[in-house]
Every structure is written in C-alpha cells, then in structure tokens.
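Report on one structure; see the data block that follows.
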Amino acid sequence: MKNIKSDFYNSKKEQAFLEHLDDRDEAFWDSLSFLNELNNIGRFDNEDVAFYQARFLITGRLINHIASAYHLLKMGLEDECLIMYRQSLENSWLLKYFIQKPNHAREWRI
C-alpha cells in the first residue's frame with residue numbers, strides 16, 4: 001500500500017511555485033500582515049459596534065481564506081484553491097456591502 005502522505009508533502013511543487021513567484025512571496029505575506037494589523041487596531045471612532053464586530057470577523061475570515069488558498073495552490077491543489085478563493089471573494093463582497101450599508105450589519109447573523 002502506498003502512503004499518499006508523501007504526495008501531499010512533496011516539496012517539489014512548492015519549490016517550483018516559490019521559484020516562479022521570486023520575491024513576491026514576501027510581498028504576499030506582508031500584505032496579509034498589513035491587513036491583519038489594520039483589523040486589530042480596534043474600533044474606529046465612527047464605527048457602530050455591530051459594524052465593527054462584522055468587520056473584524058469578516059476580515060479575519062478573509063485573511064484565513066486567502067492564506068489557505070495560497071497554501072493549497074503551493075501544494076498543487078488548484079480546485080481546492082479556487083474554492084477558498086471564491087470564499088475570499090464572497091467575504092470581501094460582504095465586507096464591501098457592509099461598508100456601503102453599515103446599518104445592515106446589525107441585521108447580519110454570524
């Protein structure tokens with residue numbers, strides 16, 4: 001019986017991926033770190049509590065989904081990456097909706 005664990009942890013795919021990206025891997029993580037820092041600042045003066053809670057949770061999900069999609073792509077799991085990418089888009093659209101209509105965040109159930 002073949003142990004498929006080695007296929008999932010095959011670093012050749014990841015090495016090829018990172019070589020293709022060159023120095024953009026660091027830029028990717030720097031961008032996510034910046035987004036995380038902005039999210040952890042806390043509540044802004046003009047933010048409603050419900051909007052702040054929605055923004056904080058959605059942005060956290062967005063960061064997790066983007067990082068997961070990136071990791072899946074490095075592993076060569078393109079279909080799974082696209083699923084996580086779609087989740088990222090849906091979360092960003094939800095956040096954009098709440099930015100445009102912050103009063104609707106109160107009605108949103110997490």
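Here, A, B, ... name the chains of the structure tokens in the order displayed, residue numbers run from 1 inside each chain, and ligands are numbered from 1 in the same displayed order.
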
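Proximity to A:Ser68 at 8 Å, evaluated using only C-alpha atoms and with sequence-adjacent residues fewer than 3 positions away removed, yields Asn64, His65, His71, Leu72, Cys81 and Met84 of chain A.
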
How about saving the chosen residues, C-alpha atoms kept, as a short mmCIF file (atom, residue, chain, number, x, y, z; two decimals), in the first residue's frame?
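Here's the written file result.cif:
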```cif
data_model
loop_
_atom_site.label_atom_id
_atom_site.label_comp_id
_atom_site.auth_asym_id
_atom_site.auth_seq_id
_atom_site.Cartn_x
_atom_site.Cartn_y
_atom_site.Cartn_z
CA ASN A 64 -7.66 32.85 6.73
CA HIS A 65 -9.26 32.02 3.38
CA HIS A 71 -1.14 27.23 0.73
CA LEU A 72 -3.40 24.94 -1.32
CA CYS A 81 -7.54 26.71 -4.04
CA MET A 84 -11.09 29.01 -0.98
#
```

Excluding same-chain residues fewer than 5 positions from A:Ala50, what lies within 10 Å of it counting only C-alpha atoms, as a list in words?
-> Arg55, Phe56, Pro102, Asn103, His104, Ala105, Arg106, Glu107 and Trp108 of chain A

Serialized selection, N, CA and C atoms, as a PDB file, in the first residue's frame:
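The result, written out as part.pdb:
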```pdb
ATOM      1  N   ARG A  55     -17.046  43.647  10.710  1.00  0.00           N
ATOM      2  CA  ARG A  55     -15.786  43.920  10.002  1.00  0.00           C
ATOM      3  C   ARG A  55     -14.655  43.056  10.550  1.00  0.00           C
ATOM      4  N   PHE A  56     -14.568  42.964  11.858  1.00  0.00           N
ATOM      5  CA  PHE A  56     -13.500  42.198  12.488  1.00  0.00           C
ATOM      6  C   PHE A  56     -13.594  40.712  12.120  1.00  0.00           C
ATOM      7  N   PRO A 102     -23.630  50.270   6.410  1.00  0.00           N
ATOM      8  CA  PRO A 102     -23.227  49.808   7.741  1.00  0.00           C
ATOM      9  C   PRO A 102     -24.391  49.466   8.671  1.00  0.00           C
ATOM     10  N   ASN A 103     -25.537  50.068   8.436  1.00  0.00           N
ATOM     11  CA  ASN A 103     -26.683  49.770   9.295  1.00  0.00           C
ATOM     12  C   ASN A 103     -27.194  48.343   9.089  1.00  0.00           C
ATOM     13  N   HIS A 104     -26.862  47.701   7.966  1.00  0.00           N
ATOM     14  CA  HIS A 104     -27.290  46.330   7.714  1.00  0.00           C
ATOM     15  C   HIS A 104     -26.464  45.310   8.505  1.00  0.00           C
ATOM     16  N   ALA A 105     -25.341  45.747   9.053  1.00  0.00           N
ATOM     17  CA  ALA A 105     -24.502  44.838   9.850  1.00  0.00           C
ATOM     18  C   ALA A 105     -25.244  44.390  11.099  1.00  0.00           C
ATOM     19  N   ARG A 106     -26.130  45.224  11.617  1.00  0.00           N
ATOM     20  CA  ARG A 106     -26.900  44.862  12.821  1.00  0.00           C
ATOM     21  C   ARG A 106     -27.812  43.672  12.567  1.00  0.00           C
ATOM     22  N   GLU A 107     -28.290  43.579  11.343  1.00  0.00           N
ATOM     23  CA  GLU A 107     -29.234  42.504  10.999  1.00  0.00           C
ATOM     24  C   GLU A 107     -28.527  41.203  10.619  1.00  0.00           C
ATOM     25  N   TRP A 108     -27.237  41.294  10.393  1.00  0.00           N
ATOM     26  CA  TRP A 108     -26.456  40.121   9.960  1.00  0.00           C
ATOM     27  C   TRP A 108     -26.229  39.190  11.133  1.00  0.00           C
TER      28      TRP A 108
END
```

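Closest approach to A:Ile66 from the set A:Asn40, A:Gln53, A:Ser31, A:Lys96 is made by A:Ser31, with distances taken over only C-alpha atoms.
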
Run DSSP on the backbone of this structure and report the residues of chain A it assigns to alpha helix (DSSP H), as number ranges by chain.
-> A: 5-8, 11-21, 24-39, 49-74, 78-100

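The interatomic distance for the pair atom CA of A:Gln15 and atom CA of A:Thr59 works out to 29.2 Å.
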
From the list A:Gln100, A:Leu77, A:Leu57, A:Asp45, which residue is nearest A:Phe17 when using only C-alpha atoms?
-> A:Leu77

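Taking only C-alpha atoms, the non-local environment of A:Asn36 within 10 Å (same-chain residues fewer than 2 positions away omitted) comprises A:Asp30, A:Ser31, A:Leu32, A:Ser33, A:Phe34, A:Leu38, A:Asn39, A:Asn40, A:Ile41, A:Phe56, A:Thr59, A:Gly60, A:Leu62, A:Ile63.
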
Might you pull out every residue within 12 Å of stretch 18-25 of chain A, with only C-alpha atoms counted and same-chain residues fewer than 3 positions away left off, and present them as number ranges by chain?
-> A: 11-15, 28-32, 67, 70-71, 73-76
